[in-house]
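Source file run_1.txt; content: compact mmCIF, C-alpha atoms and all ligand atoms.
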```txt
# COMPACT_ATOMS: atom_id res chain seq x y z
CA MET A 1488 0.00 0.00 0.00
CA LEU A 1489 2.68 2.46 1.15
CA GLU A 1490 4.77 1.31 -1.81
CA SER A 1491 2.16 2.35 -4.35
CA VAL A 1492 1.68 5.68 -2.58
CA LEU A 1493 5.44 6.30 -2.78
CA ASP A 1494 5.61 5.42 -6.46
CA ASP A 1495 3.24 8.31 -7.03
CA LEU A 1496 5.23 10.64 -4.80
CA VAL A 1497 5.54 14.12 -6.15
CA LEU A 1498 8.79 16.00 -5.86
CA SER A 1499 7.94 19.69 -6.21
CA ASP A 1500 10.28 22.07 -8.03
CA ALA A 1501 11.04 23.81 -4.75
CA GLU A 1502 11.93 20.50 -3.04
CA PHE A 1503 14.09 19.50 -5.99
CA ARG A 1504 15.93 22.85 -5.84
CA LYS A 1505 16.45 22.45 -2.10
CA ILE A 1506 17.92 18.98 -2.57
CA SER A 1507 20.11 20.01 -5.51
CA ASP A 1508 21.43 23.05 -3.57
CA LEU A 1509 22.28 20.86 -0.58
CA VAL A 1510 24.06 18.32 -2.75
CA TYR A 1511 25.96 21.01 -4.66
CA GLN A 1512 27.11 22.75 -1.49
CA HIS A 1513 28.19 19.51 0.11
CA CYS A 1514 29.98 17.68 -2.68
CA GLY A 1515 29.93 19.80 -5.84
CA ILE A 1516 27.58 17.47 -7.74
CA ASN A 1517 25.53 19.59 -10.12
CA LEU A 1518 21.98 18.21 -10.41
CA HIS A 1519 20.41 20.17 -13.25
CA ASN A 1520 16.66 20.11 -14.00
CA GLY A 1521 16.99 17.09 -16.27
CA LYS A 1522 17.90 15.04 -13.18
CA LYS A 1523 14.64 15.68 -11.34
CA GLU A 1524 13.03 12.34 -12.14
CA LEU A 1525 16.23 10.48 -11.28
CA VAL A 1526 16.38 12.27 -7.91
CA ARG A 1527 12.72 11.49 -7.26
CA ALA A 1528 13.08 7.82 -8.12
CA ARG A 1529 16.29 7.27 -6.14
CA LEU A 1530 15.14 9.10 -3.02
CA ALA A 1531 11.69 7.46 -3.12
CA LYS A 1532 13.52 4.27 -2.12
CA ARG A 1533 14.88 5.99 1.00
CA LEU A 1534 11.40 7.30 1.87
CA ARG A 1535 10.04 3.78 1.48
CA THR A 1536 12.73 2.30 3.73
CA LEU A 1537 12.17 4.97 6.37
CA HIS A 1538 8.35 5.01 6.08
CA ILE A 1539 8.41 8.73 5.40
CA ARG A 1540 5.45 9.98 3.38
CA CYS A 1541 6.66 13.14 1.65
CA PHE A 1542 9.87 14.74 0.42
CA GLU A 1543 9.49 17.76 2.67
CA ASP A 1544 9.65 15.52 5.76
CA TYR A 1545 12.51 13.56 4.26
CA ILE A 1546 14.59 16.71 3.66
CA ASP A 1547 14.04 17.80 7.29
CA TYR A 1548 15.00 14.36 8.50
CA ALA A 1549 18.18 14.21 6.39
CA LEU A 1550 19.21 17.65 7.62
CA GLN A 1551 18.92 16.55 11.24
CA ASP A 1552 20.54 13.15 10.85
CA PRO A 1553 24.11 13.11 9.47
CA GLY A 1554 23.84 9.36 8.74
CA GLU A 1555 20.80 9.95 6.55
CA PHE A 1556 22.48 12.88 4.84
CA THR A 1557 25.26 10.45 3.85
CA ASN A 1558 22.60 8.06 2.52
CA LEU A 1559 21.06 10.90 0.51
CA ILE A 1560 24.43 11.71 -1.12
CA ASP A 1561 25.08 7.99 -1.69
CA SER A 1562 21.69 7.55 -3.37
CA LEU A 1563 22.36 10.40 -5.77
CA SER A 1564 25.94 9.65 -6.78
CA THR A 1565 26.79 7.36 -9.66
CA ASN A 1566 29.32 4.67 -8.85
CA LEU A 1567 29.76 2.86 -12.15
CA THR A 1568 33.30 1.52 -12.53
CA SER A 1569 35.29 -1.52 -13.66
CA PHE A 1570 38.76 -3.07 -13.59
CA PHE A 1571 41.13 -1.51 -16.15
CA ARG A 1572 38.37 0.83 -17.32
CA GLU A 1573 39.59 3.07 -20.17
CA VAL A 1574 42.47 0.72 -20.77
CA GLN A 1575 44.41 3.27 -22.87
CA HIS A 1576 45.39 4.97 -19.58
CA PHE A 1577 46.93 1.77 -18.28
CA ASP A 1578 48.62 1.16 -21.65
CA TYR A 1579 50.13 4.64 -21.50
CA LEU A 1580 51.39 4.06 -17.97
CA LYS A 1581 52.92 0.69 -18.90
CA ASP A 1582 54.43 1.62 -22.26
CA VAL A 1583 55.46 5.25 -21.76
CA PHE A 1584 55.24 6.59 -18.21
CA TYR A 1585 56.49 3.76 -15.98
CA PRO A 1586 59.70 3.04 -17.94
CA LYS A 1587 60.69 6.73 -17.74
CA MET A 1588 59.57 7.17 -14.14
CA LEU A 1589 61.31 4.03 -12.89
CA ALA A 1590 64.57 4.83 -14.71
CA LYS A 1591 64.60 8.34 -13.21
CA LYS A 1592 63.82 7.12 -9.70
CA LYS A 1593 66.47 4.39 -9.89
CA GLN A 1594 69.04 6.90 -11.06
CA GLN A 1595 68.21 9.13 -8.09
CA SER A 1596 67.99 6.16 -5.68
CA HIS A 1597 64.55 7.45 -4.82
CA PHE A 1598 62.22 4.46 -4.55
CA ARG A 1599 58.99 6.14 -3.50
CA ILE A 1600 55.97 5.92 -5.81
CA ARG A 1601 52.70 7.66 -4.96
CA ALA A 1602 49.42 7.57 -6.87
CA TRP A 1603 45.90 8.72 -6.03
CA SER A 1604 42.58 7.36 -7.23
CA ALA A 1605 40.28 10.29 -6.41
CA GLY A 1606 36.67 9.06 -6.58
CA CYS A 1607 37.67 5.39 -6.40
CA SER A 1608 34.12 4.02 -6.11
CA SER A 1609 34.03 0.29 -5.24
CA GLY A 1610 37.80 -0.24 -5.64
CA GLU A 1611 38.30 -1.58 -9.15
CA GLU A 1612 40.25 1.53 -10.20
CA PRO A 1613 42.82 1.66 -7.35
CA TYR A 1614 43.26 -2.14 -7.48
CA SER A 1615 43.95 -1.86 -11.23
CA ILE A 1616 46.49 0.91 -10.56
CA ALA A 1617 48.19 -1.18 -7.87
CA ILE A 1618 48.30 -4.21 -10.18
CA SER A 1619 49.83 -2.18 -13.01
CA LEU A 1620 52.42 -0.70 -10.63
CA LEU A 1621 53.39 -4.05 -9.13
CA ASP A 1622 53.68 -5.53 -12.61
CA ALA A 1623 55.96 -2.64 -13.56
CA VAL A 1624 58.30 -2.82 -10.55
CA GLY A 1625 58.24 -6.64 -10.56
CA GLY A 1626 57.54 -7.09 -6.85
CA LEU A 1627 57.97 -4.50 -4.13
CA GLY A 1628 61.57 -5.19 -3.04
CA ARG A 1629 63.08 -1.81 -2.24
CA TRP A 1630 60.15 0.06 -3.73
CA ASP A 1631 57.89 2.04 -1.41
CA VAL A 1632 54.59 2.07 -3.34
CA LYS A 1633 51.34 3.56 -2.08
CA VAL A 1634 48.04 4.12 -3.87
CA LEU A 1635 45.68 6.43 -2.04
CA ALA A 1636 42.06 5.53 -2.82
CA THR A 1637 39.35 7.94 -1.71
CA ASP A 1638 35.65 8.50 -2.22
CA ILE A 1639 32.93 10.54 -0.55
CA SER A 1640 30.67 7.50 -0.26
CA THR A 1641 31.15 5.24 2.75
CA ARG A 1642 28.96 2.60 1.06
CA VAL A 1643 31.25 2.11 -1.95
CA LEU A 1644 34.33 2.29 0.26
CA GLN A 1645 33.02 -0.68 2.22
CA THR A 1646 32.92 -2.75 -0.97
CA ALA A 1647 36.33 -1.42 -1.97
CA ARG A 1648 37.93 -2.39 1.34
CA LEU A 1649 36.35 -5.83 1.18
CA GLY A 1650 38.02 -6.40 -2.20
CA ILE A 1651 35.82 -9.31 -3.26
CA TYR A 1652 34.50 -9.38 -6.83
CA GLU A 1653 32.45 -11.73 -8.95
CA LYS A 1654 34.12 -13.64 -11.78
CA ASP A 1655 32.60 -11.47 -14.54
CA ARG A 1656 34.08 -8.31 -13.05
CA ILE A 1657 37.67 -9.58 -13.03
CA GLU A 1658 37.62 -10.54 -16.73
CA PRO A 1659 39.77 -7.53 -17.81
CA LEU A 1660 42.75 -8.95 -15.84
CA THR A 1661 45.21 -11.13 -17.79
CA PRO A 1662 45.50 -14.80 -16.71
CA ALA A 1663 48.90 -13.99 -15.15
CA GLN A 1664 47.44 -11.08 -13.17
CA LYS A 1665 44.56 -13.23 -11.94
CA GLN A 1666 46.99 -15.86 -10.78
CA ARG A 1667 49.35 -13.40 -9.11
CA TYR A 1668 46.95 -10.96 -7.51
CA LEU A 1669 43.67 -12.80 -6.81
CA VAL A 1670 42.64 -15.70 -4.62
CA ARG A 1671 39.33 -17.59 -4.57
CA ALA A 1672 37.09 -16.07 -1.92
CA LYS A 1673 35.49 -18.27 0.71
CA ARG A 1674 32.01 -17.62 -0.62
CA GLU A 1675 29.52 -19.69 -2.51
CA GLY A 1676 29.75 -19.04 -6.25
CA GLN A 1677 32.51 -17.63 -8.38
CA TRP A 1678 34.03 -14.90 -6.20
CA TYR A 1679 37.62 -13.70 -6.10
CA GLU A 1680 39.45 -11.76 -3.46
CA VAL A 1681 42.29 -9.30 -3.96
CA ALA A 1682 45.53 -10.75 -2.57
CA GLY A 1683 47.49 -9.27 0.33
CA THR A 1684 50.32 -8.05 -1.94
CA ILE A 1685 47.88 -5.66 -3.58
CA ARG A 1686 46.02 -4.69 -0.44
CA GLU A 1687 49.17 -3.63 1.35
CA VAL A 1688 49.91 -0.85 -1.14
CA ILE A 1689 46.43 0.72 -1.00
CA ILE A 1690 45.21 3.20 1.58
CA PHE A 1691 41.43 3.65 1.51
CA ALA A 1692 39.95 6.77 3.06
CA GLN A 1693 36.75 8.72 2.93
CA LEU A 1694 37.39 12.13 1.42
CA ASN A 1695 35.14 14.85 0.02
CA LEU A 1696 36.97 16.45 -2.88
CA MET A 1697 35.30 19.75 -1.97
CA GLY A 1698 36.92 19.76 1.48
CA GLU A 1699 40.38 19.57 3.00
CA TRP A 1700 42.82 17.01 1.59
CA PRO A 1701 45.14 15.45 4.14
CA VAL A 1702 47.28 14.20 1.25
CA ARG A 1703 51.04 14.60 1.25
CA GLY A 1704 52.65 15.17 -2.14
CA PRO A 1705 54.43 15.10 -4.39
CA LEU A 1706 52.41 12.49 -6.24
CA ASP A 1707 53.51 10.72 -9.42
CA PHE A 1708 50.04 10.53 -10.91
CA ILE A 1709 46.38 11.11 -10.12
CA PHE A 1710 43.32 9.39 -11.55
CA CYS A 1711 40.22 11.58 -11.26
CA ARG A 1712 38.05 9.89 -13.83
CA ASN A 1713 34.30 10.12 -14.34
CA VAL A 1714 33.95 12.30 -11.24
CA MET A 1715 34.38 15.84 -12.56
CA ILE A 1716 31.62 15.25 -15.09
CA TYR A 1717 29.15 15.82 -12.22
CA PHE A 1718 30.74 19.19 -11.29
CA ASP A 1719 30.31 22.60 -12.90
CA LYS A 1720 33.23 24.37 -14.63
CA PRO A 1721 34.33 26.59 -11.70
CA THR A 1722 34.40 23.52 -9.41
CA GLN A 1723 36.35 21.52 -12.02
CA GLU A 1724 38.83 24.37 -12.37
CA ARG A 1725 39.50 24.59 -8.64
CA LEU A 1726 39.92 20.83 -8.44
CA VAL A 1727 42.28 20.57 -11.41
CA ASN A 1728 44.50 23.32 -10.00
CA ARG A 1729 44.66 21.63 -6.62
CA TYR A 1730 45.73 18.41 -8.36
CA PHE A 1731 48.42 20.35 -10.21
CA ASP A 1732 49.89 21.62 -6.94
CA LEU A 1733 50.06 18.09 -5.49
CA LEU A 1734 51.85 16.48 -8.44
CA ASP A 1735 55.58 16.10 -8.91
CA SER A 1736 56.98 17.77 -12.00
CA GLY A 1737 56.41 15.34 -14.86
CA GLY A 1738 53.45 13.90 -12.92
CA LEU A 1739 50.22 13.00 -14.73
CA LEU A 1740 46.52 13.71 -14.32
CA PHE A 1741 44.10 11.25 -15.92
CA THR A 1742 40.50 12.31 -16.48
CA GLY A 1743 37.49 10.32 -17.71
CA HIS A 1744 36.66 9.78 -21.37
CA SER A 1745 34.23 12.70 -21.53
CA GLU A 1746 36.14 15.08 -19.26
CA SER A 1747 38.47 17.30 -21.23
CA LEU A 1748 40.04 20.36 -19.62
CA THR A 1749 38.85 22.57 -22.47
CA GLY A 1750 37.41 25.82 -21.15
CA ILE A 1751 39.27 25.53 -17.84
CA HIS A 1752 42.25 27.69 -16.83
CA HIS A 1753 45.05 25.35 -15.85
CA ARG A 1754 48.81 24.90 -16.06
CA PHE A 1755 48.93 21.32 -17.38
CA GLU A 1756 50.44 20.28 -20.68
CA TYR A 1757 48.22 18.23 -22.95
CA VAL A 1758 49.70 14.77 -23.57
CA ARG A 1759 46.86 13.01 -25.36
CA PRO A 1760 43.08 12.90 -24.87
CA THR A 1761 42.31 12.80 -21.11
CA ILE A 1762 46.03 12.66 -20.11
CA TYR A 1763 47.72 15.83 -18.82
CA ALA A 1764 51.25 16.38 -17.51
CA LYS A 1765 52.70 18.85 -15.04
CA PRO A 1766 55.70 20.40 -16.82
C1 LIG A 1801 31.30 7.14 -11.68
S1 LIG A 1801 32.28 6.88 -10.25
C2 LIG A 1801 33.90 6.81 -11.00
C3 LIG A 1801 34.76 5.69 -10.45
C4 LIG A 1801 36.14 5.56 -11.09
N1 LIG A 1801 36.92 6.74 -10.91
C5 LIG A 1801 36.02 5.20 -12.55
O1 LIG A 1801 36.25 6.07 -13.41
O2 LIG A 1801 35.70 4.06 -12.85
C6 LIG A 1801 32.26 8.49 -9.48
C7 LIG A 1801 32.64 8.46 -7.99
O3 LIG A 1801 32.90 9.80 -7.56
C8 LIG A 1801 32.47 9.90 -6.22
N2 LIG A 1801 32.27 11.31 -5.87
C9 LIG A 1801 31.30 12.16 -6.32
N3 LIG A 1801 31.45 13.37 -5.74
C10 LIG A 1801 32.51 13.30 -4.92
C11 LIG A 1801 33.16 14.22 -4.05
N4 LIG A 1801 32.73 15.47 -3.89
N5 LIG A 1801 34.23 13.80 -3.34
C12 LIG A 1801 34.68 12.53 -3.49
N6 LIG A 1801 34.12 11.61 -4.29
C13 LIG A 1801 33.05 11.99 -5.00
C14 LIG A 1801 31.19 9.08 -6.19
O4 LIG A 1801 30.85 8.66 -4.88
C15 LIG A 1801 31.54 7.91 -7.11
O5 LIG A 1801 31.99 6.78 -6.41
```
Let me see the file written as structure tokens.
Ligand SMILES: C[S@@+](CC[C@H](N)C(=O)[O-])C[C@H]1O[C@@H](n2cnc3c(N)ncnc32)[C@H](O)[C@@H]1O
Amino acid sequence: MLESVLDDLVLSDAEFRKISDLVYQHCGINLHNGKKELVRARLAKRLRTLHIRCFEDYIDYALQDPGEFTNLIDSLSTNLTSFFREVQHFDYLKDVFYPKMLAKKKQQSHFRIRAWSAGCSSGEEPYSIAISLLDAVGGLGRWDVKVLATDISTRVLQTARLGIYEKDRIEPLTPAQKQRYLVRAKREGQWYEVAGTIREVIIFAQLNLMGEWPVRGPLDFIFCRNVMIYFDKPTQERLVNRYFDLLDSGGLLFTGHSESLTGIHHRFEYVRPTIYAKP
């Protein structure tokens, strides 16, 4: 009964504006008018779970309860990701960037490598970065490798920390990578768990890109892919310039396939589509 009432729930323009302002102020996500139905449908599920009958009451509730505010943000963010997504980035790292970076670091006897997956979702991206790095250095040995993996959503971070994925999701890994970096999970069905060698190089943390960053540079490269697409241009510009300041010279910024830096004031050099270097 309640379910059918909620399916007919009306989200007024004023309520939609209130929600989109709150979301924008908190995490920079820009919910334009075209997103109204999506917002209604996704939040209707929260109302159903909480037995709340209208959006006005739900907004009041979320404003008073920080846990529910997190759920609201979680419900409205998109977490789509996969292992070795946009594989040309990993090819560029393997074929061009790592050989140069490793040679330079060896020459300087400086064995520290730092990467950041900013907006890491459920973990596939930072695990892919860690796998590509461990493949490149051929085992940690004297190398001090860390991949910082952050997201605003505590829900996706839980999945990321767990590091257990179904067989279909790990298909992009080569047979050698599967053998080296995955173990069968103790779960019914075809589930695989990320091995300790990979886990030990990743640091997961909750971080709102709009807030303070307790991140110590310089970093060798940053992945901020398919995150900025939800932000407006001024927010993207601030973010990109903060990334610039954190990178080592020669360091790289990777953006998502539809996120070019065109129309943004920045100091990066263009390398190839969605890859930018700090001179
Ligand atoms: C579509 S996923 C992208 C995942 C991965 N980078 C990839 O390209 O496959 C976008 C992620 O950005 C996160 N996100 C959105 N706004 C954020 C913010 N202000 N601070 C940190 N993470 C944010 C979302 O929670 C979501 O997990």
Residues of chain A at most 7 Å from ligand LIG 1801 (chain A): nearest atom pair and distance in Å, all atoms listed in the file, as JSON lines:
```
{"residue": "A:Cys1514", "atom": "CA", "partner": "A:LIG1801", "partner_atom": "N4", "distance": 3.7}
{"residue": "A:Gly1515", "atom": "CA", "partner": "A:LIG1801", "partner_atom": "N4", "distance": 5.5}
{"residue": "A:Ile1516", "atom": "CA", "partner": "A:LIG1801", "partner_atom": "N3", "distance": 6.0}
{"residue": "A:Asp1561", "atom": "CA", "partner": "A:LIG1801", "partner_atom": "O4", "distance": 6.6}
{"residue": "A:Ser1564", "atom": "CA", "partner": "A:LIG1801", "partner_atom": "C14", "distance": 5.3}
{"residue": "A:Thr1565", "atom": "CA", "partner": "A:LIG1801", "partner_atom": "C1", "distance": 4.9}
{"residue": "A:Asn1566", "atom": "CA", "partner": "A:LIG1801", "partner_atom": "S1", "distance": 4.0}
{"residue": "A:Leu1567", "atom": "CA", "partner": "A:LIG1801", "partner_atom": "C1", "distance": 4.6}
{"residue": "A:Thr1568", "atom": "CA", "partner": "A:LIG1801", "partner_atom": "O2", "distance": 3.5}
{"residue": "A:Ser1569", "atom": "CA", "partner": "A:LIG1801", "partner_atom": "O2", "distance": 5.7}
{"residue": "A:Arg1572", "atom": "CA", "partner": "A:LIG1801", "partner_atom": "O2", "distance": 6.1}
{"residue": "A:Ser1604", "atom": "CA", "partner": "A:LIG1801", "partner_atom": "N1", "distance": 6.8}
{"residue": "A:Ala1605", "atom": "CA", "partner": "A:LIG1801", "partner_atom": "N1", "distance": 6.6}
{"residue": "A:Gly1606", "atom": "CA", "partner": "A:LIG1801", "partner_atom": "O3", "distance": 4.0}
{"residue": "A:Cys1607", "atom": "CA", "partner": "A:LIG1801", "partner_atom": "N1", "distance": 4.8}
{"residue": "A:Ser1608", "atom": "CA", "partner": "A:LIG1801", "partner_atom": "O5", "distance": 3.5}
{"residue": "A:Ser1609", "atom": "CA", "partner": "A:LIG1801", "partner_atom": "O5", "distance": 6.9}
{"residue": "A:Glu1612", "atom": "CA", "partner": "A:LIG1801", "partner_atom": "C4", "distance": 5.8}
{"residue": "A:Thr1637", "atom": "CA", "partner": "A:LIG1801", "partner_atom": "C12", "distance": 6.8}
{"residue": "A:Asp1638", "atom": "CA", "partner": "A:LIG1801", "partner_atom": "N6", "distance": 4.0}
{"residue": "A:Ile1639", "atom": "CA", "partner": "A:LIG1801", "partner_atom": "C12", "distance": 4.0}
{"residue": "A:Ser1640", "atom": "CA", "partner": "A:LIG1801", "partner_atom": "O4", "distance": 4.8}
{"residue": "A:Val1643", "atom": "CA", "partner": "A:LIG1801", "partner_atom": "O5", "distance": 6.5}
{"residue": "A:Leu1694", "atom": "CA", "partner": "A:LIG1801", "partner_atom": "C12", "distance": 5.6}
{"residue": "A:Asn1695", "atom": "CA", "partner": "A:LIG1801", "partner_atom": "N5", "distance": 3.6}
{"residue": "A:Leu1696", "atom": "CA", "partner": "A:LIG1801", "partner_atom": "N5", "distance": 3.8}
{"residue": "A:Met1697", "atom": "CA", "partner": "A:LIG1801", "partner_atom": "N4", "distance": 5.3}
{"residue": "A:Phe1710", "atom": "CA", "partner": "A:LIG1801", "partner_atom": "N1", "distance": 7.0}
{"residue": "A:Cys1711", "atom": "CA", "partner": "A:LIG1801", "partner_atom": "N1", "distance": 5.9}
{"residue": "A:Arg1712", "atom": "CA", "partner": "A:LIG1801", "partner_atom": "O1", "distance": 4.2}
{"residue": "A:Asn1713", "atom": "CA", "partner": "A:LIG1801", "partner_atom": "O1", "distance": 4.6}
{"residue": "A:Val1714", "atom": "CA", "partner": "A:LIG1801", "partner_atom": "C6", "distance": 4.5}
{"residue": "A:Gly1743", "atom": "CA", "partner": "A:LIG1801", "partner_atom": "O1", "distance": 6.2}
```
Set the distance at 12 Å and use all atoms listed in the file: which residues neighbour Leu1534 in chain A once local chain neighbours fewer than 2 positions away are removed? I'd like the list as a PyMOL selection string. chain A and resi 1489-1490+1492-1494+1496+1498+1527-1532+1536-1546+1548-1549+1555+1558-1559+1562
Rounded to one decimal place, report the CA of His1597 in chain A-CA of Leu1726 in chain A distance in Å.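 For CA of His1597 in chain A relative to CA of Leu1726 in chain A, the distance reads 28.3 Å.
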Do you have the CA of Ala1764 in chain A-CA of Gly1738 in chain A distance handy?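 That distance, rounded to one decimal, is 5.7 Å.
Here CA of Gln1512 in chain A and CA of Leu1525 in chain A stand 19.1 Å from one another.
Of the residues under consideration (A:Leu1621, A:Phe1691, A:Asp1735, A:Pro1721), A:Pro1721 shows the shortest atom-to-atom contact distance to His1753 in chain A when counting all atoms listed in the file.
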Quick one: residues within 9 Å of Lys1581 in chain A, only C-alpha atoms, excluding same-chain residues fewer than 2 positions away - as a list in words? His1576, Phe1577, Asp1578, Tyr1579, Val1583, Phe1584, Tyr1585, Pro1586, Ser1619, Leu1620, Asp1622 and Ala1623 of chain A
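Nearest residue to Gly1628 in chain A, choosing from A:Arg1759, A:Lys1720, A:Arg1599, A:Lys1665 and counting all atoms listed in the file: A:Arg1599.
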Using only C-alpha atoms, which of A:Ile1618, A:Leu1589, A:Leu1635, A:Met1715 sits nearest Gln1664 in chain A?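 Nearest candidate to Gln1664 in chain A out of A:Ile1618, A:Leu1589, A:Leu1635, A:Met1715: A:Ile1618.
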